[in-house]
Amino acid sequence: MSYRTLSAAEILATLRHLERRIGERFPERGLRAICHELVVIGEHAQQKSTAIAAPNLGLRVALGVAIAAGFAGLLAVAFSVNLQVGTPEIFGVFQGVEAAANIVVLVGAALFFAITLETRIKRRRSLRDLHVFRSIAHVIDMHQLTKDPSVVLAHGPATASSPQRGMNRFELSRYLDYCSEMLSLTSKLAALYAQNRPDPVIIEAVNDIEALTTNLSSKIWQKITILDTRGA
């Protein structure tokens with residue numbers, strides 16, 4: 001086992017184990033369904049991140065053919081120029097050189113577009129998949145939003161519009177800890193895309209997700225700290 005790269009299989013194993021833990025502790029809570037959805041997303045991420053990192057052989061073959069055809073065209077233009085200094089054909093030669101220069105510019109622009117096409121395709125696919133992790137991180141945050149430790153510790157009266165809070169101090173602490181673990185694993189799944197495809201744009205997107213999950217997890221740990229300090 002390599003300790004220098006993330007293992008998608010190990011991340012998925014941890015997620016499945018977390019799903020079982022949540023199901024055993026809170027079988028009726030929606031948090032278990034969210035964790036199961038994260039497992040499904042992780043399975044897709046394992047396959048998609050590997051597929052995106054793999055070379056696009058069809059596109060590369062087409063690019064090679066296009067490059068060869070471009071050079072062949074330039075050679076054909078070069079050999080078609082019949083340079084005869086001191087004859088009236090010299091003006092035709094100048095026109096041929098100018099045409100060849102225009103062809104070189106156009107072929108160069110086309111080759112640059114073709115060479116970067118694979119990178120842009122993979123980047124677009126990666127960013128589309130990474131958006132899913134950003135969305136599910138907010139869904140996880142919504143599930144812990146109403147889990148207020150002060151209500152459990154103060155035992156204050158509820159109102160008609162108060163959310164249902166049927167957990168004791170220990171259960172609330174475990175619930176919040178599960179949410180924090182799910183956020184951490186969400187960022188690790190997103191990191192697979194940067195690991196398999198070290199594109200600066202993808203790395204920046206993964207870092208944004210890491211920052212998001214870290215900030216959301218920090219709010220959760222503030223609640224856990226309140227439970228531990230004031231409930232002692």
# chains A, B, ... in the order shown; residues from 1 in each chain; ligands from 1

$ residues_around --residues "region 190-194 of chain A" --least-positions-apart "3" --cutoff "10 Å" --atoms "only C-alpha atoms" --output "number ranges by chain"
A: 5-8, 42, 45-46, 48-50, 52-53, 123, 126-127, 129-134, 185-187, 197-207, 209-210

$ residues_around --residues "Gln144 (chain A)" --least-positions-apart "5" --cutoff "10 Å" --atoms "only C-alpha atoms" --output "PDB file with N, CA and C atoms, in the first residue's frame"
ATOM      1  N   LEU A  31     -29.855  11.183   8.151  1.00  0.00           N
ATOM      2  CA  LEU A  31     -28.409  11.259   7.965  1.00  0.00           C
ATOM      3  C   LEU A  31     -27.864   9.986   7.345  1.00  0.00           C
ATOM      4  N   VAL A 139     -25.762  19.998   1.858  1.00  0.00           N
ATOM      5  CA  VAL A 139     -26.851  19.143   2.344  1.00  0.00           C
ATOM      6  C   VAL A 139     -26.507  18.585   3.723  1.00  0.00           C
ATOM      7  N   LEU A 172     -26.503  13.559  20.538  1.00  0.00           N
ATOM      8  CA  LEU A 172     -26.256  14.760  19.744  1.00  0.00           C
ATOM      9  C   LEU A 172     -24.777  14.887  19.402  1.00  0.00           C
ATOM     10  N   TYR A 175     -24.060  12.434  16.652  1.00  0.00           N
ATOM     11  CA  TYR A 175     -24.663  12.898  15.400  1.00  0.00           C
ATOM     12  C   TYR A 175     -23.789  13.969  14.746  1.00  0.00           C
ATOM     13  N   LEU A 176     -23.368  14.918  15.534  1.00  0.00           N
ATOM     14  CA  LEU A 176     -22.515  15.988  15.003  1.00  0.00           C
ATOM     15  C   LEU A 176     -21.169  15.442  14.533  1.00  0.00           C
ATOM     16  N   ASP A 177     -20.633  14.500  15.251  1.00  0.00           N
ATOM     17  CA  ASP A 177     -19.358  13.904  14.855  1.00  0.00           C
ATOM     18  C   ASP A 177     -19.492  13.158  13.530  1.00  0.00           C
ATOM     19  N   TYR A 178     -20.609  12.478  13.320  1.00  0.00           N
ATOM     20  CA  TYR A 178     -20.848  11.797  12.035  1.00  0.00           C
ATOM     21  C   TYR A 178     -20.896  12.810  10.885  1.00  0.00           C
ATOM     22  N   CYS A 179     -21.535  13.947  11.138  1.00  0.00           N
ATOM     23  CA  CYS A 179     -21.603  14.984  10.102  1.00  0.00           C
ATOM     24  C   CYS A 179     -20.206  15.487   9.754  1.00  0.00           C
ATOM     25  N   SER A 180     -19.384  15.674  10.767  1.00  0.00           N
ATOM     26  CA  SER A 180     -18.015  16.140  10.532  1.00  0.00           C
ATOM     27  C   SER A 180     -17.214  15.115   9.732  1.00  0.00           C
ATOM     28  N   LEU A 216     -17.338  24.350   7.341  1.00  0.00           N
ATOM     29  CA  LEU A 216     -18.573  23.746   7.851  1.00  0.00           C
ATOM     30  C   LEU A 216     -18.282  22.823   9.031  1.00  0.00           C
ATOM     31  N   LYS A 219     -17.762  24.717  12.354  1.00  0.00           N
ATOM     32  CA  LYS A 219     -19.002  25.069  13.052  1.00  0.00           C
ATOM     33  C   LYS A 219     -19.528  23.881  13.856  1.00  0.00           C
ATOM     34  N   ILE A 220     -19.401  22.703  13.287  1.00  0.00           N
ATOM     35  CA  ILE A 220     -19.873  21.507  13.982  1.00  0.00           C
ATOM     36  C   ILE A 220     -19.051  21.265  15.245  1.00  0.00           C
ATOM     37  N   LYS A 223     -19.981  23.249  18.228  1.00  0.00           N
ATOM     38  CA  LYS A 223     -21.105  22.676  18.957  1.00  0.00           C
ATOM     39  C   LYS A 223     -20.659  21.511  19.835  1.00  0.00           C
TER      40      LYS A 223
END

$ closest_residue --among "A:Ser173, A:Thr146, A:Val40, A:Ala154" --to "Arg25 (chain A)" --atoms "only C-alpha atoms"
A:Ser173

$ atom_distance --atom1 "CA of Glu43 (chain A)" --atom2 "CA of Ala9 (chain A)"
8.8 Å

$ atom_distance --atom1 "CA of His36 (chain A)" --atom2 "CA of Arg20 (chain A)"
9.4 Å
